[in-house]
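Asker: Sending over a structure as C-alpha coordinates; questions will come in a sec.
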Amino acid sequence: MKKMMRMTVIAGCLAASAAWSAAALAGTLAVNIAYKGAVQRTVWQSTVDEFKKANPDVDVKVSFIEEEAYKVQLPGWLSTQAPDIINWHNGERMAFYASRGLLEDLSEDWKKNGWDSTYASTKEASSWQGKQYSAPTVYYSWGMFYRKDLFKKVGIAGEPKSWDEFLEACKKLKAAGIAPIAVGGRDAWTLAGWFDYLDLRINGNAFHQQLMAGDVAYTDPRVKKVYTAWKSLIDNKYFIDNALSYDLDGAQPFLFQGKAAMMLMGTFIAKGFPAKLAPEMGYFQFPIIDANVPTAEEGPTESIHIPAKARNKTDARRFIAFVGTPAISAKLADGLGSLPANSKSPAPADPISRIGFEILSNAKGGISQFYDRDMTKEMADEGMKGMQKFISDPSKIDDVLNELEQSRKRIYKKS
(Lines give C-alpha, C1' and ligand atoms only; values in the text may rest on other atoms or scores of the structure.)
Protein backbone atom coordinates (compact mmCIF):
# COMPACT_ATOMS: atom_id res chain seq x y z
CA MET A 1 0.00 0.00 0.00
CA LYS A 2 2.82 2.39 0.94
CA LYS A 3 4.57 1.56 -2.30
CA MET A 4 1.41 2.33 -4.24
CA MET A 5 1.03 5.64 -2.39
CA ARG A 6 4.62 6.60 -3.19
CA MET A 7 4.04 5.79 -6.84
CA THR A 8 0.89 7.88 -6.84
CA VAL A 9 2.72 10.84 -5.29
CA ILE A 10 5.59 10.52 -7.79
CA ALA A 11 3.16 10.30 -10.68
CA GLY A 12 1.37 13.38 -9.41
CA CYS A 13 4.62 15.29 -9.09
CA LEU A 14 5.65 14.29 -12.62
CA ALA A 15 2.29 15.37 -13.99
CA ALA A 16 2.57 18.70 -12.20
CA SER A 17 6.11 19.16 -13.46
CA ALA A 18 5.00 18.39 -17.02
CA ALA A 19 2.12 20.84 -16.73
CA TRP A 20 4.46 23.53 -15.37
CA SER A 21 6.93 22.92 -18.20
CA ALA A 22 4.16 23.14 -20.78
CA ALA A 23 2.96 26.38 -19.23
CA ALA A 24 6.50 27.76 -19.22
CA LEU A 25 6.97 26.84 -22.85
CA ALA A 26 3.62 28.32 -23.81
CA GLY A 27 4.98 31.88 -23.32
CA THR A 28 8.38 31.22 -24.94
CA LEU A 29 8.77 31.53 -28.69
CA ALA A 30 11.96 30.14 -30.24
CA VAL A 31 12.81 31.86 -33.53
CA ASN A 32 15.72 30.86 -35.79
CA ILE A 33 16.67 33.40 -38.46
CA ALA A 34 19.09 32.96 -41.36
CA TYR A 35 20.79 36.17 -42.41
CA LYS A 36 23.47 37.58 -44.70
CA GLY A 37 25.28 40.57 -43.26
CA ALA A 38 24.64 42.98 -40.42
CA VAL A 39 21.87 44.89 -42.21
CA GLN A 40 19.64 41.80 -42.55
CA ARG A 41 20.23 40.82 -38.95
CA THR A 42 19.34 44.32 -37.77
CA VAL A 43 16.01 44.48 -39.61
CA TRP A 44 14.96 41.06 -38.31
CA GLN A 45 15.94 42.01 -34.75
CA SER A 46 13.87 45.18 -35.07
CA THR A 47 10.90 43.12 -36.28
CA VAL A 48 11.20 40.75 -33.32
CA ASP A 49 11.44 43.73 -30.96
CA GLU A 50 8.22 45.19 -32.39
CA PHE A 51 6.46 41.85 -31.96
CA LYS A 52 7.59 41.67 -28.33
CA LYS A 53 6.33 45.19 -27.71
CA ALA A 54 2.94 44.29 -29.18
CA ASN A 55 2.88 40.93 -27.37
CA PRO A 56 4.52 41.47 -23.95
CA ASP A 57 3.25 38.10 -22.71
CA VAL A 58 5.52 36.26 -25.16
CA ASP A 59 9.19 35.70 -24.32
CA VAL A 60 10.95 35.56 -27.70
CA LYS A 61 14.25 33.74 -27.93
CA VAL A 62 15.79 34.55 -31.31
CA SER A 63 18.90 32.90 -32.74
CA PHE A 64 20.67 34.40 -35.75
CA ILE A 65 22.63 31.98 -37.93
CA GLU A 66 24.67 32.92 -41.00
CA GLU A 67 22.81 31.63 -44.05
CA GLU A 68 25.27 29.01 -45.30
CA ALA A 69 25.53 27.44 -41.82
CA TYR A 70 21.75 27.69 -41.46
CA LYS A 71 21.21 25.60 -44.61
CA VAL A 72 23.35 22.83 -43.14
CA GLN A 73 21.73 22.87 -39.69
CA LEU A 74 18.07 23.24 -40.71
CA PRO A 75 17.34 19.54 -41.49
CA GLY A 76 18.58 18.55 -38.03
CA TRP A 77 16.38 21.11 -36.27
CA LEU A 78 13.27 20.13 -38.18
CA SER A 79 13.65 16.43 -37.50
CA THR A 80 14.60 16.66 -33.80
CA GLN A 81 14.04 19.61 -31.44
CA ALA A 82 12.61 22.24 -33.75
CA PRO A 83 12.30 25.97 -33.06
CA ASP A 84 8.84 27.51 -33.30
CA ILE A 85 9.61 29.78 -36.26
CA ILE A 86 12.10 29.53 -39.09
CA ASN A 87 12.69 31.69 -42.11
CA TRP A 88 13.30 29.89 -45.39
CA HIS A 89 12.40 29.95 -49.09
CA ASN A 90 9.30 29.17 -51.11
CA GLY A 91 9.02 26.81 -54.07
CA GLU A 92 10.86 23.50 -54.13
CA ARG A 93 12.86 24.46 -51.03
CA MET A 94 9.63 24.66 -49.03
CA ALA A 95 8.06 21.62 -50.70
CA PHE A 96 11.11 19.48 -49.86
CA TYR A 97 10.32 19.75 -46.14
CA ALA A 98 6.52 19.96 -46.44
CA SER A 99 6.45 16.67 -48.34
CA ARG A 100 8.33 15.02 -45.48
CA GLY A 101 5.87 16.20 -42.85
CA LEU A 102 8.34 18.62 -41.28
CA LEU A 103 6.37 21.86 -41.77
CA GLU A 104 3.03 22.84 -40.25
CA ASP A 105 0.02 23.19 -42.55
CA LEU A 106 -0.84 26.92 -42.55
CA SER A 107 -3.90 26.72 -44.82
CA GLU A 108 -6.24 27.84 -42.04
CA ASP A 109 -3.96 30.75 -41.25
CA TRP A 110 -4.18 31.82 -44.88
CA LYS A 111 -7.97 31.84 -44.65
CA LYS A 112 -8.07 33.54 -41.25
CA ASN A 113 -5.63 36.30 -42.25
CA GLY A 114 -7.07 36.90 -45.72
CA TRP A 115 -3.84 35.89 -47.41
CA ASP A 116 -5.55 34.27 -50.40
CA SER A 117 -5.96 37.77 -51.81
CA THR A 118 -3.06 39.53 -50.09
CA TYR A 119 -0.53 36.93 -51.25
CA ALA A 120 -2.30 35.81 -54.42
CA SER A 121 0.84 36.12 -56.58
CA THR A 122 2.91 33.94 -54.23
CA LYS A 123 0.27 31.38 -53.24
CA GLU A 124 1.41 28.73 -55.73
CA ALA A 125 5.02 28.98 -54.54
CA SER A 126 3.76 28.72 -50.94
CA SER A 127 1.78 25.53 -51.57
CA TRP A 128 2.37 21.80 -51.73
CA GLN A 129 -0.43 19.49 -52.87
CA GLY A 130 -2.98 22.28 -52.52
CA LYS A 131 -2.08 23.27 -48.95
CA GLN A 132 -0.04 26.25 -47.79
CA TYR A 133 3.04 25.70 -45.65
CA SER A 134 4.61 29.14 -45.63
CA ALA A 135 3.88 32.79 -44.96
CA PRO A 136 5.61 34.89 -47.64
CA THR A 137 7.61 37.87 -46.40
CA VAL A 138 9.47 39.47 -49.31
CA TYR A 139 10.48 38.76 -52.87
CA TYR A 140 13.17 40.36 -54.96
CA SER A 141 14.38 40.92 -58.46
CA TRP A 142 17.62 39.69 -60.00
CA GLY A 143 19.45 41.83 -62.51
CA MET A 144 22.72 43.54 -63.40
CA PHE A 145 24.21 45.95 -60.88
CA TYR A 146 26.72 48.32 -62.45
CA ARG A 147 28.98 51.29 -61.77
CA LYS A 148 27.56 54.31 -63.55
CA ASP A 149 30.88 56.18 -63.32
CA LEU A 150 32.83 53.33 -64.92
CA PHE A 151 30.33 53.05 -67.77
CA LYS A 152 30.69 56.77 -68.39
CA LYS A 153 34.47 56.57 -68.16
CA VAL A 154 34.78 54.02 -70.99
CA GLY A 155 32.10 55.58 -73.18
CA ILE A 156 29.15 53.22 -72.64
CA ALA A 157 26.20 55.43 -73.60
CA GLY A 158 23.42 53.63 -71.74
CA GLU A 159 22.33 50.47 -70.00
CA PRO A 160 22.65 47.49 -72.38
CA LYS A 161 19.25 46.16 -73.41
CA SER A 162 20.29 43.58 -76.01
CA TRP A 163 22.96 40.89 -75.85
CA ASP A 164 25.00 42.63 -78.56
CA GLU A 165 24.96 45.86 -76.56
CA PHE A 166 25.98 43.95 -73.45
CA LEU A 167 28.92 42.28 -75.21
CA GLU A 168 30.02 45.64 -76.65
CA ALA A 169 29.98 47.12 -73.14
CA CYS A 170 32.09 44.22 -71.86
CA LYS A 171 34.56 44.77 -74.70
CA LYS A 172 34.98 48.47 -73.86
CA LEU A 173 35.45 47.80 -70.16
CA LYS A 174 38.04 45.11 -70.73
CA ALA A 175 39.97 47.36 -73.15
CA ALA A 176 40.12 49.98 -70.39
CA GLY A 177 41.60 47.48 -67.93
CA ILE A 178 38.39 47.03 -65.96
CA ALA A 179 36.97 43.55 -65.40
CA PRO A 180 33.48 43.69 -66.91
CA ILE A 181 31.84 41.27 -64.46
CA ALA A 182 32.43 40.29 -60.83
CA VAL A 183 31.17 36.91 -59.61
CA GLY A 184 31.86 34.99 -56.40
CA GLY A 185 31.96 31.43 -57.73
CA ARG A 186 33.01 29.88 -54.44
CA ASP A 187 29.35 30.40 -53.53
CA ALA A 188 28.05 28.09 -56.24
CA TRP A 189 24.58 29.64 -56.19
CA THR A 190 26.01 32.86 -57.65
CA LEU A 191 26.91 30.82 -60.75
CA ALA A 192 23.40 29.36 -60.83
CA GLY A 193 22.08 32.87 -61.41
CA TRP A 194 24.09 33.02 -64.62
CA PHE A 195 22.84 29.65 -65.80
CA ASP A 196 19.24 30.57 -65.02
CA TYR A 197 19.29 33.84 -66.92
CA LEU A 198 21.09 32.48 -69.94
CA ASP A 199 18.61 29.61 -70.10
CA LEU A 200 15.59 31.88 -69.58
CA ARG A 201 16.79 34.23 -72.32
CA ILE A 202 17.84 31.52 -74.80
CA ASN A 203 15.24 28.79 -74.24
CA GLY A 204 12.44 30.45 -72.25
CA ASN A 205 10.79 29.73 -68.92
CA ALA A 206 8.68 26.76 -70.07
CA PHE A 207 11.80 24.87 -71.12
CA HIS A 208 13.63 26.05 -68.00
CA GLN A 209 10.94 24.63 -65.71
CA GLN A 210 10.94 21.32 -67.59
CA LEU A 211 14.69 21.14 -66.99
CA MET A 212 14.22 22.01 -63.32
CA ALA A 213 11.64 19.22 -63.01
CA GLY A 214 14.08 16.67 -64.41
CA ASP A 215 12.13 16.18 -67.65
CA VAL A 216 14.88 17.32 -70.03
CA ALA A 217 18.23 15.61 -70.59
CA TYR A 218 21.32 17.68 -69.80
CA THR A 219 22.78 16.40 -73.05
CA ASP A 220 19.96 18.16 -74.93
CA PRO A 221 21.45 20.62 -77.49
CA ARG A 222 19.45 23.44 -75.93
CA VAL A 223 21.25 23.00 -72.60
CA LYS A 224 24.61 22.92 -74.36
CA LYS A 225 23.66 26.16 -76.15
CA VAL A 226 23.37 27.83 -72.72
CA TYR A 227 26.80 26.62 -71.64
CA THR A 228 28.29 27.62 -74.98
CA ALA A 229 27.04 31.21 -74.56
CA TRP A 230 28.47 31.20 -71.04
CA LYS A 231 31.77 29.84 -72.33
CA SER A 232 32.13 32.74 -74.76
CA LEU A 233 32.05 35.19 -71.83
CA ILE A 234 34.71 33.17 -69.99
CA ASP A 235 36.90 32.77 -73.07
CA ASN A 236 36.82 36.53 -73.61
CA LYS A 237 37.88 37.02 -69.98
CA TYR A 238 34.85 39.12 -69.13
CA PHE A 239 34.69 37.73 -65.57
CA ILE A 240 37.17 38.57 -62.82
CA ASP A 241 40.19 36.28 -62.64
CA ASN A 242 40.04 33.31 -60.26
CA ALA A 243 36.29 33.71 -59.70
CA LEU A 244 36.14 30.41 -57.80
CA SER A 245 38.42 31.89 -55.13
CA TYR A 246 35.79 34.39 -54.00
CA ASP A 247 32.44 34.09 -52.27
CA LEU A 248 29.85 36.85 -52.64
CA ASP A 249 31.37 38.96 -49.87
CA GLY A 250 34.79 38.57 -51.44
CA ALA A 251 33.61 39.50 -54.93
CA GLN A 252 31.68 42.66 -54.04
CA PRO A 253 34.82 44.72 -53.25
CA PHE A 254 35.78 44.43 -56.92
CA LEU A 255 32.74 46.63 -57.61
CA PHE A 256 33.35 48.91 -54.64
CA GLN A 257 36.98 49.50 -55.60
CA GLY A 258 36.24 50.07 -59.29
CA LYS A 259 38.11 46.95 -60.40
CA ALA A 260 34.93 45.45 -61.92
CA ALA A 261 31.93 47.20 -63.42
CA MET A 262 28.98 44.76 -63.19
CA MET A 263 27.54 41.96 -61.09
CA LEU A 264 24.49 39.76 -61.65
CA MET A 265 22.76 39.53 -58.29
CA GLY A 266 19.51 39.95 -56.38
CA THR A 267 18.48 43.37 -55.12
CA PHE A 268 19.00 42.22 -51.53
CA ILE A 269 22.70 43.19 -51.75
CA ALA A 270 21.89 46.88 -52.34
CA LYS A 271 21.45 47.65 -48.64
CA GLY A 272 25.05 46.66 -48.03
CA PHE A 273 26.60 49.11 -50.47
CA PRO A 274 28.93 51.73 -48.91
CA ALA A 275 26.96 54.97 -48.49
CA LYS A 276 29.41 57.04 -50.53
CA LEU A 277 29.21 54.57 -53.42
CA ALA A 278 25.44 54.05 -53.52
CA PRO A 279 24.77 57.03 -55.88
CA GLU A 280 27.09 55.47 -58.46
CA MET A 281 25.36 52.09 -58.43
CA GLY A 282 22.76 51.41 -61.12
CA TYR A 283 20.64 48.37 -61.91
CA PHE A 284 19.27 47.06 -65.19
CA GLN A 285 17.36 44.07 -66.55
CA PHE A 286 19.42 41.12 -67.77
CA PRO A 287 19.82 41.77 -71.52
CA ILE A 288 17.53 40.17 -74.10
CA ILE A 289 19.29 37.48 -76.13
CA ASP A 290 16.43 36.30 -78.36
CA ALA A 291 13.58 38.76 -78.90
CA ASN A 292 11.29 35.87 -79.86
CA VAL A 293 11.58 34.29 -76.39
CA PRO A 294 9.02 35.69 -73.88
CA THR A 295 10.92 37.59 -71.21
CA ALA A 296 11.00 35.76 -67.88
CA GLU A 297 12.69 36.86 -64.68
CA GLU A 298 14.03 35.53 -61.40
CA GLY A 299 11.77 36.56 -58.51
CA PRO A 300 12.61 34.40 -55.47
CA THR A 301 10.20 34.59 -52.54
CA GLU A 302 11.38 34.49 -48.93
CA SER A 303 9.07 33.10 -46.27
CA ILE A 304 8.60 32.12 -42.64
CA HIS A 305 7.32 28.75 -41.44
CA ILE A 306 6.21 26.86 -38.34
CA PRO A 307 7.99 23.51 -38.03
CA ALA A 308 5.69 20.52 -37.51
CA LYS A 309 7.59 19.73 -34.30
CA ALA A 310 7.37 23.26 -32.91
CA ARG A 311 6.34 23.32 -29.24
CA ASN A 312 4.62 26.71 -29.16
CA LYS A 313 2.46 26.80 -32.27
CA THR A 314 -0.09 29.16 -30.70
CA ASP A 315 2.38 32.03 -30.34
CA ALA A 316 4.07 31.04 -33.59
CA ARG A 317 0.79 31.71 -35.37
CA ARG A 318 0.60 35.10 -33.66
CA PHE A 319 4.09 35.84 -34.95
CA ILE A 320 3.42 34.95 -38.59
CA ALA A 321 0.19 36.98 -38.52
CA PHE A 322 2.13 39.95 -37.13
CA VAL A 323 4.88 39.68 -39.76
CA GLY A 324 2.19 39.34 -42.42
CA THR A 325 0.70 42.78 -41.77
CA PRO A 326 1.23 45.39 -44.51
CA ALA A 327 3.36 47.68 -42.32
CA ILE A 328 5.75 44.97 -41.12
CA SER A 329 5.98 43.43 -44.59
CA ALA A 330 6.98 46.83 -45.99
CA LYS A 331 9.53 47.39 -43.23
CA LEU A 332 11.13 44.01 -43.81
CA ALA A 333 11.25 44.61 -47.56
CA ASP A 334 12.93 47.99 -47.13
CA GLY A 335 15.51 46.62 -44.71
CA LEU A 336 16.22 43.55 -46.83
CA GLY A 337 16.50 45.44 -50.12
CA SER A 338 13.47 43.58 -51.44
CA LEU A 339 9.81 43.99 -52.32
CA PRO A 340 6.97 43.31 -49.86
CA ALA A 341 5.09 40.11 -50.63
CA ASN A 342 2.00 41.70 -49.10
CA SER A 343 0.08 43.39 -51.92
CA LYS A 344 -1.40 45.91 -49.47
CA SER A 345 2.01 47.21 -48.38
CA PRO A 346 3.13 50.62 -49.66
CA ALA A 347 5.37 50.66 -52.74
CA PRO A 348 9.12 50.64 -52.04
CA ALA A 349 10.89 54.01 -51.90
CA ASP A 350 14.35 52.66 -52.73
CA PRO A 351 15.22 53.40 -56.41
CA ILE A 352 16.75 49.98 -57.11
CA SER A 353 13.80 48.17 -55.53
CA ARG A 354 11.47 50.23 -57.72
CA ILE A 355 13.39 49.19 -60.83
CA GLY A 356 13.20 45.58 -59.67
CA PHE A 357 9.46 45.92 -59.18
CA GLU A 358 9.04 47.20 -62.75
CA ILE A 359 11.18 44.38 -64.14
CA LEU A 360 9.10 41.72 -62.38
CA SER A 361 5.82 43.42 -63.24
CA ASN A 362 6.64 43.21 -66.94
CA ALA A 363 7.82 39.58 -66.95
CA LYS A 364 5.56 38.33 -69.75
CA GLY A 365 7.34 34.96 -69.78
CA GLY A 366 6.73 34.29 -66.09
CA ILE A 367 8.81 34.29 -62.91
CA SER A 368 11.13 31.55 -61.70
CA GLN A 369 12.10 31.05 -58.06
CA PHE A 370 15.82 30.40 -58.73
CA TYR A 371 17.88 27.39 -59.72
CA ASP A 372 18.21 25.69 -56.33
CA ARG A 373 14.66 26.61 -55.34
CA ASP A 374 12.97 25.32 -58.49
CA MET A 375 14.45 21.82 -58.41
CA THR A 376 15.04 19.07 -55.91
CA LYS A 377 17.98 19.80 -53.61
CA GLU A 378 20.03 16.75 -54.61
CA MET A 379 19.96 17.64 -58.30
CA ALA A 380 20.59 21.32 -57.56
CA ASP A 381 23.70 20.42 -55.58
CA GLU A 382 24.98 18.28 -58.44
CA GLY A 383 24.16 20.99 -60.95
CA MET A 384 26.03 23.70 -59.05
CA LYS A 385 29.06 21.48 -58.53
CA GLY A 386 29.01 20.96 -62.29
CA MET A 387 28.94 24.74 -62.81
CA GLN A 388 32.02 25.16 -60.65
CA LYS A 389 33.78 22.44 -62.61
CA PHE A 390 32.79 24.18 -65.85
CA ILE A 391 34.09 27.57 -64.64
CA SER A 392 37.36 25.90 -63.66
CA ASP A 393 37.75 24.44 -67.17
CA PRO A 394 35.21 25.65 -69.77
CA SER A 395 36.51 23.18 -72.35
CA LYS A 396 34.88 20.39 -70.29
CA ILE A 397 31.31 21.28 -71.34
CA ASP A 398 30.52 17.81 -72.66
CA ASP A 399 32.03 16.08 -69.63
CA VAL A 400 30.03 18.29 -67.27
CA LEU A 401 26.77 17.76 -69.14
CA ASN A 402 27.28 14.00 -69.39
CA GLU A 403 27.90 13.79 -65.64
CA LEU A 404 24.81 15.90 -64.94
CA GLU A 405 22.75 13.66 -67.18
CA GLN A 406 23.86 10.60 -65.22
CA SER A 407 22.85 12.40 -62.01
CA ARG A 408 19.48 13.32 -63.50
CA LYS A 409 18.76 9.70 -64.43
CA ARG A 410 19.73 8.50 -60.96
CA ILE A 411 17.88 11.19 -58.97
CA TYR A 412 14.72 11.30 -61.06
CA LYS A 413 14.74 7.57 -61.85
CA LYS A 414 14.89 8.25 -65.58
CA SER A 415 15.95 5.66 -68.13
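Residues are referred to by chain and number: the chain letter is A, B, ... according to the order shown in the C-alpha coordinates, the number counts from 1 in that chain, and ligands are numbered separately from 1 in the order shown.
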Each residue of region 90-160 of chain A with at least one atom at most 6 Å from region 334-353 of chain A should appear once, together with its nearest atom pair and the corresponding distance in Å (one decimal); atoms considered: only C-alpha atoms; ordering: chain, then increasing residue number; output as a tab-separated table.
Answerer:
residue	atom	partner	partner_atom	distance
A:Thr118	CA	A:Ser343	CA	5.3
A:Tyr119	CA	A:Asn342	CA	5.8
A:Thr137	CA	A:Ala341	CA	5.4
A:Val138	CA	A:Pro340	CA	4.6
A:Tyr139	CA	A:Leu339	CA	5.3
A:Tyr140	CA	A:Ser338	CA	4.8
Asker: Write out as a PyMOL selection string the residues lying within 12 Å of region 226-230 of chain A, counting only C-alpha atoms and excluding same-chain residues fewer than 3 positions away.
Answerer: chain A and resi 163+167+191-204+208+218-223+233-239+289+386-387+390-391+394-401
Asker: What is the CA of Gly282 (chain A)-CA of Met265 (chain A) distance in Å, reported with one decimal?
Answerer: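 Answer for the CA of Gly282 (chain A) to CA of Met265 (chain A) separation: 12.2 Å.
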Asker: Using only C-alpha atoms, which of the listed residues (A:Ile85, A:Ala69, A:Leu103, A:Ala54) sits closest to Leu29 (chain A)?
Answerer: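 Selected residue with least distance to Leu29 (chain A): A:Ile85.
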Asker: I want to know what sits within 10 Å of Asp57 (chain A), based on only C-alpha atoms, with residues of the same chain fewer than 4 positions away left out; could you give that as a ChimeraX atom specification?
Answerer: /A:26-28,52-53,315
Asker: Generate a file of the selected residues that holds all heavy atoms, formatted as a PDB file, in the first residue's frame.
Answerer:
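In the end it all went to result_29.pdb:
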ATOM      1  N   ALA A  26       4.707  27.662 -23.086  1.00  0.00           N
ATOM      2  CA  ALA A  26       3.622  28.322 -23.807  1.00  0.00           C
ATOM      3  C   ALA A  26       3.926  29.788 -24.059  1.00  0.00           C
ATOM      4  O   ALA A  26       3.508  30.357 -25.051  1.00  0.00           O
ATOM      5  CB  ALA A  26       2.320  28.178 -23.032  1.00  0.00           C
ATOM      6  N   GLY A  27       4.673  30.465 -23.145  1.00  0.00           N
ATOM      7  CA  GLY A  27       4.978  31.876 -23.324  1.00  0.00           C
ATOM      8  C   GLY A  27       6.344  32.133 -23.900  1.00  0.00           C
ATOM      9  O   GLY A  27       6.809  33.264 -23.922  1.00  0.00           O
ATOM     10  N   THR A  28       7.045  31.081 -24.360  1.00  0.00           N
ATOM     11  CA  THR A  28       8.375  31.223 -24.941  1.00  0.00           C
ATOM     12  C   THR A  28       8.322  30.848 -26.412  1.00  0.00           C
ATOM     13  O   THR A  28       7.855  29.768 -26.769  1.00  0.00           O
ATOM     14  CB  THR A  28       9.397  30.323 -24.222  1.00  0.00           C
ATOM     15  OG1 THR A  28       9.449  30.675 -22.836  1.00  0.00           O
ATOM     16  CG2 THR A  28      10.776  30.471 -24.836  1.00  0.00           C
ATOM     17  N   LYS A  52       7.547  41.774 -29.787  1.00  0.00           N
ATOM     18  CA  LYS A  52       7.590  41.668 -28.328  1.00  0.00           C
ATOM     19  C   LYS A  52       6.861  42.841 -27.669  1.00  0.00           C
ATOM     20  O   LYS A  52       6.165  42.673 -26.660  1.00  0.00           O
ATOM     21  CB  LYS A  52       9.047  41.619 -27.858  1.00  0.00           C
ATOM     22  CG  LYS A  52       9.750  40.309 -28.196  1.00  0.00           C
ATOM     23  CD  LYS A  52      11.248  40.413 -28.060  1.00  0.00           C
ATOM     24  CE  LYS A  52      11.693  40.554 -26.632  1.00  0.00           C
ATOM     25  NZ  LYS A  52      13.171  40.516 -26.523  1.00  0.00           N
ATOM     26  N   LYS A  53       7.015  44.016 -28.256  1.00  0.00           N
ATOM     27  CA  LYS A  53       6.334  45.192 -27.714  1.00  0.00           C
ATOM     28  C   LYS A  53       4.819  45.054 -27.828  1.00  0.00           C
ATOM     29  O   LYS A  53       4.070  45.430 -26.925  1.00  0.00           O
ATOM     30  CB  LYS A  53       6.812  46.441 -28.454  1.00  0.00           C
ATOM     31  CG  LYS A  53       6.258  47.735 -27.897  1.00  0.00           C
ATOM     32  CD  LYS A  53       6.837  48.933 -28.638  1.00  0.00           C
ATOM     33  CE  LYS A  53       6.284  50.241 -28.081  1.00  0.00           C
ATOM     34  NZ  LYS A  53       6.839  51.423 -28.804  1.00  0.00           N
ATOM     35  N   ASP A 315       1.694  30.748 -30.201  1.00  0.00           N
ATOM     36  CA  ASP A 315       2.385  32.034 -30.341  1.00  0.00           C
ATOM     37  C   ASP A 315       3.086  32.149 -31.690  1.00  0.00           C
ATOM     38  O   ASP A 315       3.277  33.256 -32.204  1.00  0.00           O
ATOM     39  CB  ASP A 315       3.385  32.229 -29.201  1.00  0.00           C
ATOM     40  CG  ASP A 315       2.685  32.470 -27.868  1.00  0.00           C
ATOM     41  OD1 ASP A 315       1.563  33.014 -27.887  1.00  0.00           O
ATOM     42  OD2 ASP A 315       3.248  32.110 -26.813  1.00  0.00           O
TER      43      ASP A 315
END
Asker: Name the residues of region 175-213 of chain A that come out as helix (DSSP H, G or I) in a backbone DSSP run; write them as a ChimeraX atom specification.
Answerer: /A:175,188-202,205-212
Asker: Distance CA of Val60 (chain A)-CA of Asn90 (chain A), one decimal place?
Answerer: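 Distance reported for this atom pair: 24.3 Å.
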Asker: Rank A:Asp49, A:Glu298, A:Asp59, A:Asp393 by their smallest atom-to-atom distance to Phe357 (chain A), using only C-alpha atoms, and report the top residue only.
Answerer: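 Of the candidates, the smallest distance to Phe357 (chain A) is held by A:Glu298.
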Asker: Need the shell around Asp105 (chain A): protein/DNA/RNA residues with any atom at most 12 Å away, counting only C-alpha atoms. Skip same-chain ones fewer than 5 positions apart. Format as a ChimeraX atom specification?
Answerer: /A:94-95,97-99,110-111,126-135,305-309,313,317
Asker: Between A:Met384, A:Ala270, A:Ala327, A:Ala182, which is the closest to Ser245 (chain A) once you count only C-alpha atoms?
Answerer: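 Residue with the minimum atom-to-atom distance to Ser245 (chain A): A:Ala182.
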Asker: Measuring atom to atom with only C-alpha atoms, identify which of A:Phe319, A:Ala125, A:Lys389, A:Ala251 is nearest to Glu302 (chain A).
Answerer: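 The shortest atom-to-atom distance to Glu302 (chain A) comes from A:Ala125.
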Asker: Between A:Asn362, A:Gln81, A:Gln209, A:Gln285, which residue has the minimum interatomic distance to Lys161 (chain A), considering only C-alpha atoms?
Answerer: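 Once distances to Lys161 (chain A) are computed over only C-alpha atoms, the minimum belongs to A:Gln285.
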Asker: For each of A:Ala243, A:Ile65, A:Val72, A:Ala321, take the minimum atom-to-atom distance to Lys112 (chain A), counting only C-alpha atoms, then give the residue where this is smallest.
Answerer: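 Smallest distance to Lys112 (chain A) is found for A:Ala321.
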